[in-house]
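Q: The structure is given below, and queries will be raised subsequently.
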Amino acid sequence: MKRNALLSRIGSLARSGWKAWGPGLSHPATGYLLVFMIIGGVVLRIQNVGYPFHPGFDESQWAGAAHQFLTCVPDTGECCHPPLAKLLIGVGMLLFGNNPMGWRFMPLWFGIQSIVLAFLIASALFKDRRAGWLAAAFMAADGFYIAFSRDSFPEAILACLNLWCLLAAITARGWAGVLACAVLVGLAASVKWVGLLVALPACFAILLLRRVRWYTMVSFVVVPFVHLAVWMIGLKLIGHANDPMSVWEEIRRRQRIHLGFPHHTNPLESAWYTWLVLYHPIVIKSAYQGAKARLASSVGNPLLWITADLCLVSLPVVGAAWALRSRWRERWSRWFDSDASKAVAILGVAWLSMMLLWMSGRIVTYWYHYLTPWGIAIILVGGVISRLDRRIPQAALVFVVLVLAISTYFAPVWAELPISVSAAHHRLIFPLWR
Amino acid sequence: MSSDSAPSGSTGNGSRDEPPDAPPPREPSPVQSDAPPRPGRCNVLILSFLSFVLIGFSVWVVSAGSRYRAEYAQAMEGWRVGSTRVVELTLVKDDKRNLGCAADQVIEGLHCGHRGDLQEAGPASPDNSQILAPYNTVGNELLLGAGLWNSPDMKGPLPDTRFTVTCNYNIKGVMKSAAIRFDHAAAFGPVGKTVTAGTLTDCMIPR
């Protein structure tokens, strides 16, 4: 009797918890599928993350440099970036040692955080829990993020810190929130300098949402100091002179290396506009066991990709029509209320801001540079599908089913599950995807 | 004190017991209102918890870093400071003038021919038994050694082709940030790992 009472109590708690914090989509099946996608995405990221036992894509550079920071010798492993990603990768190596698990632990940790951040950002921006669940599920079930969460490479860390910046800007209610955002911008820029660009959408969000006074943005003066502090700690560790002038010299030296890379020499190079059509995703890890291949391709979920492209392209078009024609304004407001409109504008600006450097053509660009903008696009898709769920729940359900089906099909080549070479080639159908 | 804690029977402001000439009641201050606390204010408890976590994390990083260095910094297993090992080095006769290193560290009087800023550290001579130079063993292990060219066997005519030499290597310490070169005209390049430094004695060319 007591046991039955306990079980019924647990059951009622679970039900009330599901009601309070669950997806709450119009069609209950959609909610269950989203939960399944999130759990599946986390499992795919974690399983066998220490495999293969040899370095994958650029892992020897980053893990090698992290090892040099930990053993306090000059960093010759990686030539051109600020030290924070190497220091963070080093934390994983402190936990698990100088082995594949140690190299990949921190990118995995940040990759899983990105799922939570997608939920928090979409929920806060669209003021709708459904948008949060959809964005988190799409982030969890996307191969681009899965693959880079399992590789000792800074991109997953950078993308996650950029999302943290956006979240801080969106949820800031006073000086402390804006200051936290500024510190995070400094940290993001200390992973890769492109992280500095996240300050643009952060300021835009602060101005548009008007939850804090505009002058709190003066907090952003701490960004260079945070960046300098990270450099000073990093250079101190490797026995390099670490006074501000020496840091500046080192920054200039690395900047020259960066800008000096010639275009069109690396076969993996890809222009920014090719990212929108999944032209040249990279297989970042590969290993073979007997007749089976284990691949980590960074190709995304094609359905999410098409939807994101449609949203990103139609956003400025519909925005212009909205500005010019009252009929369009009425149509728009049927789908997007004031909060959702602001959310769409912030995400659009964020996507564009994070693309600016790559669009400029100043430096050589690669597929993985799209990871941060792609995370923002996923959140946008989550928000748009949440509006679809309000008006046409069956359509949202069909969309989620299709995303899940495609993710299930691609999962083996995203998360290094054993698969025959021919089956892998069926999935990575274009030569440039292999 | 919040209005919640006012004694019962009193409003806390302008009660019936106040004299008639008492000043008019003031507007309640925001602190006294029943409204929930403003969102976004720093919660002392959260800040304390975060500080605690940060301090704990910092302590862990420092101690784990020391352990990591102890485990991995000694690149070659069994090569301990203070020990002597027999090493077989691979050389060509021009190495006498070609090999060099740059570092500020001085280990028991042993030092590189150049300082960390790449300026010469005094008169350089390969015969100086205090000046270190980089050598590779036949097992491709890098070490910094001094005194190789002072051994009697190395003062005679040397083979024209690549040859090996066997020495006693007395490990005096570990150098962290040395730069090395294998050609007199080349630039110094950072080693990128810790390197043992010591003296090379009793060197012989196997006949």
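Labels for the structure tokens follow display order: chains A, B, ..., residues from 1 in each chain, ligands from 1.
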List the spatial neighbours of Arg97 in chain B as a list in words - criterion: any atom at most 9 Å away, only C-alpha atoms, same-chain residues fewer than 4 positions off excluded.
A: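 The neighbour list is Lys93, Ser125, Pro126, Asp183 and His184 of chain B.
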Q: May I have the selected residues written with C-alpha atoms, as a JSON list (two decimals), in the first residue's frame?
A:
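See selection28.json below for the written result:
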```
[["chain", "number", "residue", "atom", "x", "y", "z"],
["B", 93, "LYS", "CA", 81.56, 16.48, -38.03],
["B", 125, "SER", "CA", 83.37, 28.02, -28.42],
["B", 126, "PRO", "CA", 82.34, 24.40, -28.94],
["B", 183, "ASP", "CA", 72.64, 24.99, -38.79],
["B", 184, "HIS", "CA", 74.88, 27.89, -37.88]]
```
Q: Give the alpha helix (DSSP H) residues of range 113-237 of chain A, as DSSP finds them on the backbone, and put them as a ChimeraX atom specification.
A: /A:113-126,129-140,143-149,155-171,175-189,199-209,222-237
Q: Would you list which chain B residues are within 12 Å of chain A using only C-alpha atoms, as a PyMOL selection string?
A: chain B and resi 38-43+47+57-58+60-75+103-105+116-117+174-179+189-195
Q: Put those residues in a file: C-alpha atoms, as a PDB file, in the first residue's frame.
A:
```pdb
ATOM      1  CA  ARG B  38      13.519  43.324  -8.727  1.00  0.00           C
ATOM      2  CA  PRO B  39      14.791  40.642 -11.066  1.00  0.00           C
ATOM      3  CA  GLY B  40      18.415  40.823 -12.076  1.00  0.00           C
ATOM      4  CA  ARG B  41      19.761  42.066  -8.779  1.00  0.00           C
ATOM      5  CA  CYS B  42      22.864  40.306  -7.553  1.00  0.00           C
ATOM      6  CA  ASN B  43      21.904  37.591  -5.180  1.00  0.00           C
ATOM      7  CA  LEU B  47      27.616  35.237  -5.741  1.00  0.00           C
ATOM      8  CA  PHE B  57      38.255  25.222  -9.277  1.00  0.00           C
ATOM      9  CA  SER B  58      41.376  27.424  -9.193  1.00  0.00           C
ATOM     10  CA  TRP B  60      42.155  22.172  -8.294  1.00  0.00           C
ATOM     11  CA  VAL B  61      43.654  23.520 -11.557  1.00  0.00           C
ATOM     12  CA  VAL B  62      46.878  24.538  -9.795  1.00  0.00           C
ATOM     13  CA  SER B  63      47.306  21.215  -7.993  1.00  0.00           C
ATOM     14  CA  ALA B  64      46.245  19.123 -10.991  1.00  0.00           C
ATOM     15  CA  GLY B  65      48.620  21.184 -13.162  1.00  0.00           C
ATOM     16  CA  SER B  66      51.540  20.325 -10.867  1.00  0.00           C
ATOM     17  CA  ARG B  67      50.635  16.643 -11.010  1.00  0.00           C
ATOM     18  CA  TYR B  68      50.288  16.791 -14.801  1.00  0.00           C
ATOM     19  CA  ARG B  69      53.712  18.401 -15.175  1.00  0.00           C
ATOM     20  CA  ALA B  70      55.275  15.836 -12.884  1.00  0.00           C
ATOM     21  CA  GLU B  71      53.740  13.074 -14.980  1.00  0.00           C
ATOM     22  CA  TYR B  72      54.381  14.411 -18.472  1.00  0.00           C
ATOM     23  CA  ALA B  73      57.104  17.046 -18.365  1.00  0.00           C
ATOM     24  CA  GLN B  74      59.838  14.429 -18.238  1.00  0.00           C
ATOM     25  CA  ALA B  75      59.404  13.468 -21.851  1.00  0.00           C
ATOM     26  CA  ALA B 103      67.743  30.121 -23.448  1.00  0.00           C
ATOM     27  CA  ASP B 104      68.090  32.206 -20.316  1.00  0.00           C
ATOM     28  CA  GLN B 105      68.125  29.244 -17.963  1.00  0.00           C
ATOM     29  CA  GLY B 116      66.541  33.937 -24.671  1.00  0.00           C
ATOM     30  CA  ASP B 117      66.663  37.240 -26.603  1.00  0.00           C
ATOM     31  CA  VAL B 174      65.311  20.186 -17.394  1.00  0.00           C
ATOM     32  CA  MET B 175      65.062  23.176 -19.698  1.00  0.00           C
ATOM     33  CA  LYS B 176      61.571  24.477 -20.458  1.00  0.00           C
ATOM     34  CA  SER B 177      61.814  27.157 -23.063  1.00  0.00           C
ATOM     35  CA  ALA B 178      64.886  26.550 -25.161  1.00  0.00           C
ATOM     36  CA  ALA B 179      65.197  27.411 -28.821  1.00  0.00           C
ATOM     37  CA  GLY B 189      63.269  27.609 -33.409  1.00  0.00           C
ATOM     38  CA  PRO B 190      61.447  26.913 -30.114  1.00  0.00           C
ATOM     39  CA  VAL B 191      61.641  23.298 -29.015  1.00  0.00           C
ATOM     40  CA  GLY B 192      58.028  23.021 -27.866  1.00  0.00           C
ATOM     41  CA  LYS B 193      58.734  20.482 -25.148  1.00  0.00           C
ATOM     42  CA  THR B 194      60.909  20.116 -22.076  1.00  0.00           C
ATOM     43  CA  VAL B 195      64.455  18.994 -22.768  1.00  0.00           C
TER      44      VAL B 195
END
```
Q: Compare A:Ala202, A:Ala396, A:Ile429, A:Ala188 by their minimum atom-to-atom distance to Val349 in chain A, counting only C-alpha atoms, and give me the closest one.
A: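 Between A:Ala202, A:Ala396, A:Ile429, A:Ala188, the residue approaching Val349 in chain A most closely is A:Ala202.
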Q: Among range 18-197 of chain B, which ones does DSSP assign to strand (DSSP E) (computed from the backbone)? Answer as a ChimeraX atom specification.
A: /B:84-91,100-102,111-112,131-137,142-146,163-175,179-181,189-190,195-197
Q: Would you pick out the contacts of Leu417 in chain A at 12 Å or less, using only C-alpha atoms, so that residues sharing its chain but fewer than 5 positions from it are not included, and give the list as a PyMOL selection string?
A: chain A and resi 43-49+51-52+147+285-289+292-297+408-412+423-424
Q: For Ser152 in chain A, work out the shell of residues within 10 Å, counting only C-alpha atoms and skipping chain neighbours fewer than 5 positions away, then give it as number ranges by chain.
A: A: 55-63, 85-86, 89, 92, 100-108, 157
Q: Write a file of the selected residues as a compact mmCIF listing (two decimals), in the first residue's frame, keeping C-alpha atoms.
A:
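Final file, result_27.txt:
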```txt
# COMPACT_ATOMS: atom_id res chain seq x y z
CA PRO A 55 44.26 12.65 -33.37
CA GLY A 56 41.48 13.66 -35.74
CA PHE A 57 41.00 16.92 -37.62
CA ASP A 58 43.59 19.43 -36.33
CA GLU A 59 43.49 17.74 -32.92
CA SER A 60 47.25 17.31 -32.89
CA GLN A 61 47.61 21.08 -33.15
CA TRP A 62 45.18 22.01 -30.40
CA ALA A 63 45.78 19.15 -27.99
CA ALA A 85 40.76 27.42 -26.17
CA LYS A 86 44.09 25.73 -25.53
CA ILE A 89 41.21 21.95 -23.68
CA GLY A 92 40.07 18.22 -19.89
CA PRO A 100 41.87 11.30 -26.64
CA MET A 101 39.30 11.48 -23.82
CA GLY A 102 41.31 14.29 -22.22
CA TRP A 103 41.66 16.19 -25.52
CA ARG A 104 37.95 16.00 -26.33
CA PHE A 105 36.32 16.44 -22.95
CA MET A 106 36.00 20.23 -22.92
CA PRO A 107 34.66 20.60 -26.48
CA LEU A 108 32.12 17.92 -25.50
CA ILE A 157 33.91 26.24 -27.41
```
Q: Report, in Å with one decimal, the straight-line distance from CA of Thr164 in chain B to CA of Thr90 in chain B.
A: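 Spanning CA of Thr164 in chain B to CA of Thr90 in chain B is a straight-line distance of 4.4 Å.
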Q: Using only C-alpha atoms, which residues sit within 6 Å of range 78-86 of chain B once same-chain residues fewer than 3 positions away are excluded, as a ChimeraX atom specification?
A: /B:167-173
Q: Compile the contact shell of range 132-138 of chain B as a ChimeraX atom specification: residues with an atom at most 7 Å away, counting only C-alpha atoms, same-chain residues fewer than 3 positions apart removed.
A: /B:87-90,99-101,110-113,141-146,180
Q: Write a file of the just-selected residues containing C-alpha atoms, as a short mmCIF file (atom, residue, chain, number, x, y, z; two decimals), in the first residue's frame.
A:
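Wrote result.cif, looks like this:
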```
data_model
loop_
_atom_site.label_atom_id
_atom_site.label_comp_id
_atom_site.auth_asym_id
_atom_site.auth_seq_id
_atom_site.Cartn_x
_atom_site.Cartn_y
_atom_site.Cartn_z
CA VAL B 87 73.42 7.63 -24.83
CA GLU B 88 74.29 7.03 -28.45
CA LEU B 89 74.24 10.28 -30.39
CA THR B 90 74.07 10.68 -34.13
CA LEU B 99 74.57 23.14 -33.36
CA GLY B 100 73.41 25.72 -30.86
CA CYS B 101 70.68 26.65 -28.43
CA LEU B 110 75.60 24.93 -17.95
CA HIS B 111 74.01 27.38 -20.34
CA CYS B 112 73.23 27.88 -24.00
CA GLY B 113 75.50 29.85 -26.32
CA GLU B 141 65.44 11.67 -28.42
CA LEU B 142 66.50 15.29 -28.16
CA LEU B 143 68.82 16.37 -25.36
CA LEU B 144 70.98 19.35 -24.52
CA GLY B 145 74.56 18.39 -23.71
CA ALA B 146 77.83 20.12 -22.92
CA ILE B 180 67.57 25.36 -30.95
#
```
Q: Need to verify the contact set: range 211-226 of chain A, 10 Å, only C-alpha atoms, exclusion of same-chain residues closer than 5 positions in sequence. Can you return it as a VMD selection string?
A: chain A and resid 169 to 190 196 199 202 to 203 205 to 206 231 to 232
Q: Just write the chosen residues, N, CA and C atoms, as a JSON list (two decimals), in the first residue's frame.
A:
```json
[["chain", "number", "residue", "atom", "x", "y", "z"],
["A", 169, "ALA", "N", 23.13, 39.04, -22.85],
["A", 169, "ALA", "CA", 22.59, 40.31, -23.36],
["A", 169, "ALA", "C", 21.06, 40.31, -23.32],
["A", 170, "ILE", "N", 20.48, 39.17, -23.68],
["A", 170, "ILE", "CA", 19.01, 39.09, -23.76],
["A", 170, "ILE", "C", 18.39, 39.14, -22.36],
["A", 171, "THR", "N", 19.04, 38.50, -21.41],
["A", 171, "THR", "CA", 18.44, 38.40, -20.07],
["A", 171, "THR", "C", 18.95, 39.47, -19.11],
["A", 172, "ALA", "N", 19.83, 40.36, -19.58],
["A", 172, "ALA", "CA", 20.38, 41.39, -18.69],
["A", 172, "ALA", "C", 19.27, 42.29, -18.18],
["A", 173, "ARG", "N", 19.30, 42.54, -16.88],
["A", 173, "ARG", "CA", 18.31, 43.44, -16.28],
["A", 173, "ARG", "C", 18.98, 44.61, -15.55],
["A", 174, "GLY", "N", 20.29, 44.66, -15.62],
["A", 174, "GLY", "CA", 21.01, 45.74, -14.94],
["A", 174, "GLY", "C", 22.48, 45.71, -15.30],
["A", 175, "TRP", "N", 23.25, 46.49, -14.58],
["A", 175, "TRP", "CA", 24.69, 46.60, -14.86],
["A", 175, "TRP", "C", 25.37, 45.24, -14.80],
["A", 176, "ALA", "N", 25.00, 44.42, -13.80],
["A", 176, "ALA", "CA", 25.69, 43.14, -13.62],
["A", 176, "ALA", "C", 25.51, 42.26, -14.85],
["A", 177, "GLY", "N", 24.30, 42.25, -15.39],
["A", 177, "GLY", "CA", 24.04, 41.41, -16.57],
["A", 177, "GLY", "C", 24.86, 41.86, -17.77],
["A", 178, "VAL", "N", 24.91, 43.18, -17.98],
["A", 178, "VAL", "CA", 25.66, 43.70, -19.14],
["A", 178, "VAL", "C", 27.16, 43.47, -18.93],
["A", 179, "LEU", "N", 27.61, 43.63, -17.68],
["A", 179, "LEU", "CA", 29.03, 43.38, -17.39],
["A", 179, "LEU", "C", 29.37, 41.91, -17.65],
["A", 180, "ALA", "N", 28.47, 41.02, -17.22],
["A", 180, "ALA", "CA", 28.70, 39.59, -17.48],
["A", 180, "ALA", "C", 28.79, 39.33, -18.98],
["A", 181, "CYS", "N", 27.92, 39.99, -19.74],
["A", 181, "CYS", "CA", 27.93, 39.85, -21.19],
["A", 181, "CYS", "C", 29.28, 40.31, -21.75],
["A", 182, "ALA", "N", 29.77, 41.45, -21.23],
["A", 182, "ALA", "CA", 31.04, 42.00, -21.73],
["A", 182, "ALA", "C", 32.20, 41.06, -21.41],
["A", 183, "VAL", "N", 32.19, 40.51, -20.21],
["A", 183, "VAL", "CA", 33.26, 39.56, -19.84],
["A", 183, "VAL", "C", 33.23, 38.36, -20.78],
["A", 184, "LEU", "N", 32.02, 37.89, -21.09],
["A", 184, "LEU", "CA", 31.89, 36.74, -21.99],
["A", 184, "LEU", "C", 32.37, 37.08, -23.40],
["A", 185, "VAL", "N", 32.12, 38.32, -23.83],
["A", 185, "VAL", "CA", 32.64, 38.74, -25.14],
["A", 185, "VAL", "C", 34.17, 38.68, -25.12],
["A", 186, "GLY", "N", 34.76, 39.16, -24.02],
["A", 186, "GLY", "CA", 36.22, 39.11, -23.89],
["A", 186, "GLY", "C", 36.74, 37.68, -23.94],
["A", 187, "LEU", "N", 36.01, 36.78, -23.31],
["A", 187, "LEU", "CA", 36.43, 35.37, -23.30],
["A", 187, "LEU", "C", 36.27, 34.76, -24.69],
["A", 188, "ALA", "N", 35.15, 35.09, -25.36],
["A", 188, "ALA", "CA", 34.93, 34.55, -26.71],
["A", 188, "ALA", "C", 36.05, 35.03, -27.64],
["A", 189, "ALA", "N", 36.41, 36.31, -27.52],
["A", 189, "ALA", "CA", 37.48, 36.85, -28.36],
["A", 189, "ALA", "C", 38.82, 36.22, -28.02],
["A", 190, "SER", "N", 38.93, 35.65, -26.82],
["A", 190, "SER", "CA", 40.19, 35.01, -26.41],
["A", 190, "SER", "C", 40.27, 33.56, -26.88],
["A", 196, "LEU", "N", 34.87, 38.46, -31.03],
["A", 196, "LEU", "CA", 34.61, 39.87, -30.69],
["A", 196, "LEU", "C", 33.33, 40.37, -31.37],
["A", 199, "ALA", "N", 29.77, 41.02, -29.90],
["A", 199, "ALA", "CA", 29.39, 42.26, -29.20],
["A", 199, "ALA", "C", 28.33, 43.03, -29.98],
["A", 202, "ALA", "N", 24.93, 41.57, -29.34],
["A", 202, "ALA", "CA", 24.66, 41.77, -27.91],
["A", 202, "ALA", "C", 24.18, 43.21, -27.68],
["A", 203, "CYS", "N", 24.89, 44.17, -28.26],
["A", 203, "CYS", "CA", 24.48, 45.58, -28.10],
["A", 203, "CYS", "C", 23.13, 45.82, -28.76],
["A", 205, "ALA", "N", 20.72, 43.71, -29.15],
["A", 205, "ALA", "CA", 19.67, 43.13, -28.29],
["A", 205, "ALA", "C", 19.39, 44.03, -27.09],
["A", 206, "ILE", "N", 20.45, 44.56, -26.51],
["A", 206, "ILE", "CA", 20.27, 45.44, -25.34],
["A", 206, "ILE", "C", 19.46, 46.68, -25.73],
["A", 231, "TRP", "N", 45.55, 36.56, -22.25],
["A", 231, "TRP", "CA", 46.86, 36.49, -22.90],
["A", 231, "TRP", "C", 47.99, 36.45, -21.87],
["A", 232, "MET", "N", 47.88, 37.32, -20.87],
["A", 232, "MET", "CA", 48.97, 37.41, -19.88],
["A", 232, "MET", "C", 49.12, 36.09, -19.13]]
```
Q: How far is it from CA of Arg115 in chain B to CA of Ala102 in chain B, in Å with one decimal?
A: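 That distance, rounded to one decimal, is 5.0 Å.
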Q: Identify which of the residues A:Val198, A:Leu432, A:Leu397, A:Met354 lies closest to Ile282 in chain A, counting only C-alpha atoms when measuring atom-to-atom distances.
A: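 For Ile282 in chain A, the nearest of the candidates is A:Leu432.
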Q: To one decimal in Å, tell me the separation between CA of Trp335 in chain A and CA of Ser114 in chain A.
A: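 Going from CA of Trp335 in chain A over to CA of Ser114 in chain A covers 27.1 Å.
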Q: Go through A:Ala291, A:Leu347, A:Val191, A:Ala29 and flag the residue nearest Val400 in chain A, using only C-alpha atoms for the distances.
A: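 The shortest atom-to-atom distance to Val400 in chain A comes from A:Ala29.
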Q: For Leu259 in chain A, which residue out of A:Gly361, A:Gly40, A:Gly300, A:Gly382 is the nearest one, using only C-alpha atoms?
A: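 With only C-alpha atoms as the atom set, the closest residue is A:Gly361.
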Q: Looking at only C-alpha atoms, which of A:Ile346, A:Ala140, A:Ile406, A:Ala415 is the one that sits closest to Asn301 in chain A?
A: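 Counting only C-alpha atoms, the residue closest to Asn301 in chain A is A:Ile406.
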